[in-house]
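protein-v4.cif (mmCIF, C-alpha atoms)
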data_coords
#
loop_
_atom_site.label_atom_id
_atom_site.label_comp_id
_atom_site.auth_asym_id
_atom_site.auth_seq_id
_atom_site.Cartn_x
_atom_site.Cartn_y
_atom_site.Cartn_z
CA MET M 1 131.33 -53.92 84.55
CA ARG M 2 132.19 -50.96 86.79
CA SER M 3 132.80 -47.58 85.19
CA GLY M 4 133.36 -44.12 86.54
CA PRO M 5 135.73 -42.93 89.23
CA PRO M 6 137.43 -45.34 91.62
CA ALA M 7 135.79 -46.16 94.93
CA PRO M 8 136.58 -43.64 97.70
CA SER M 9 138.67 -46.26 99.51
CA PHE M 10 141.05 -46.45 96.52
CA TRP M 11 142.80 -43.15 97.24
CA PRO M 12 143.70 -43.82 100.90
CA ALA M 13 144.90 -47.30 99.92
CA LEU M 14 147.09 -45.90 97.14
CA HIS M 15 148.45 -43.26 99.51
CA ALA M 16 149.32 -45.95 102.04
CA GLU M 17 151.08 -48.06 99.39
CA LEU M 18 153.13 -45.08 98.21
CA ARG M 19 154.29 -44.47 101.80
CA ALA M 20 154.76 -48.12 102.88
CA ASP M 21 158.21 -49.63 103.42
CA ASP M 22 159.88 -46.23 103.70
CA ARG M 23 158.26 -45.12 100.41
CA ALA M 24 159.67 -48.04 98.40
CA LEU M 25 156.97 -47.89 95.69
CA HIS M 26 157.37 -44.13 95.38
CA ARG M 27 161.13 -44.55 94.90
CA GLN M 28 160.57 -47.30 92.31
CA LEU M 29 158.24 -45.05 90.35
CA LEU M 30 160.80 -42.22 90.42
CA ALA M 31 163.49 -44.65 89.24
CA LEU M 32 161.20 -45.79 86.41
CA ARG M 33 160.67 -42.15 85.47
CA GLN M 34 164.43 -41.69 85.23
CA VAL M 35 164.93 -44.87 83.16
CA ALA M 36 162.18 -43.69 80.80
CA GLY M 37 163.99 -40.38 80.38
CA LEU M 38 161.06 -38.33 81.63
CA ALA M 39 161.38 -34.87 83.13
CA GLU M 40 161.41 -34.46 86.90
CA THR M 41 158.17 -32.52 86.55
CA VAL M 42 156.40 -35.83 85.81
CA SER M 43 155.04 -37.00 89.16
CA ALA M 44 155.35 -40.48 90.60
CA LEU M 45 151.55 -40.68 90.48
CA ARG M 46 151.58 -39.98 86.73
CA VAL M 47 154.26 -42.64 86.19
CA CYS M 48 152.06 -45.08 88.12
CA ASP M 49 149.04 -44.09 86.02
CA VAL M 50 150.85 -44.73 82.74
CA ALA M 51 152.39 -48.01 83.96
CA VAL M 52 148.99 -49.33 85.04
CA TRP M 53 147.39 -48.21 81.76
CA MET M 54 150.17 -49.82 79.68
CA ASN M 55 149.90 -53.09 81.60
CA HIS M 56 146.12 -53.03 81.21
CA GLN M 57 146.54 -52.64 77.43
CA ALA M 58 149.18 -55.38 77.32
CA LEU M 59 146.74 -57.79 78.96
CA GLY M 60 144.46 -57.38 75.95
CA HIS M 61 141.75 -55.18 77.38
CA ALA M 62 140.05 -53.19 74.64
CA CYS M 63 139.54 -49.97 76.56
CA PRO M 64 139.74 -46.58 74.84
#

Could you rewrite the structure in this file as structure tokens?
Amino acid sequence: MRSGPPAPSFWPALHAELRADDRALHRQLLALRQVAGLAETVSALRVCDVAVWMNHQALGHACP
């Protein structure tokens, strides 16, 4: 099992996804932030982080 920080290629790939299709993913994350009632100071990247973490937990992974 891999642990530690993501591979260096992860960050450019995430950046590309956030900018793809005229920033569609970025806009979806901002919309999710609004639906969740979060402050505008919460970044799209943080919303993505929490959404991925929550989905990971929902799939039954026993990570801390």

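Atom pair CA of Met54 (chain M) / CA of Arg27 (chain M): separated by 19.5 Å.
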
**Request:** Show which residues sit within 10 Å of Leu38 (chain M), as a PyMOL selection string. Count all atoms listed in the file, and ignore same-chain residues fewer than 6 positions away.
**Result:** chain M and resi 30+32+47

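Counting from CA of Pro6 (chain M), the distance to CA of Asn55 (chain M) is 17.8 Å.
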
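Reported to one decimal place, the separation of CA of Gln34 (chain M) from CA of Arg19 (chain M) is 19.6 Å.
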
**Message:** Report as a ChimeraX atom specification all protein, DNA and RNA residues lying within 12 Å of Glu17 (chain M), evaluated on only C-alpha atoms, omitting residues in the same chain fewer than 6 positions from it.
**Reply:** /M:10-11,23-29,45,48

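When only C-alpha atoms are used to measure the gap to Ala44 (chain M), the shortest distance among M:His56, M:Leu18, M:Gly4, M:Ser9 belongs to M:Leu18.
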
Adding 5 Å on each side of the box along x, y and z that holds all listed atoms of region 16-28 of chain M, could you give its centre and edge lengths in Å to one decimal, as lines of an AutoDock Vina configuration file?
center_x = 155.2
center_y = -46.9
center_z = 98.0
size_x = 21.8
size_y = 15.5
size_z = 21.4
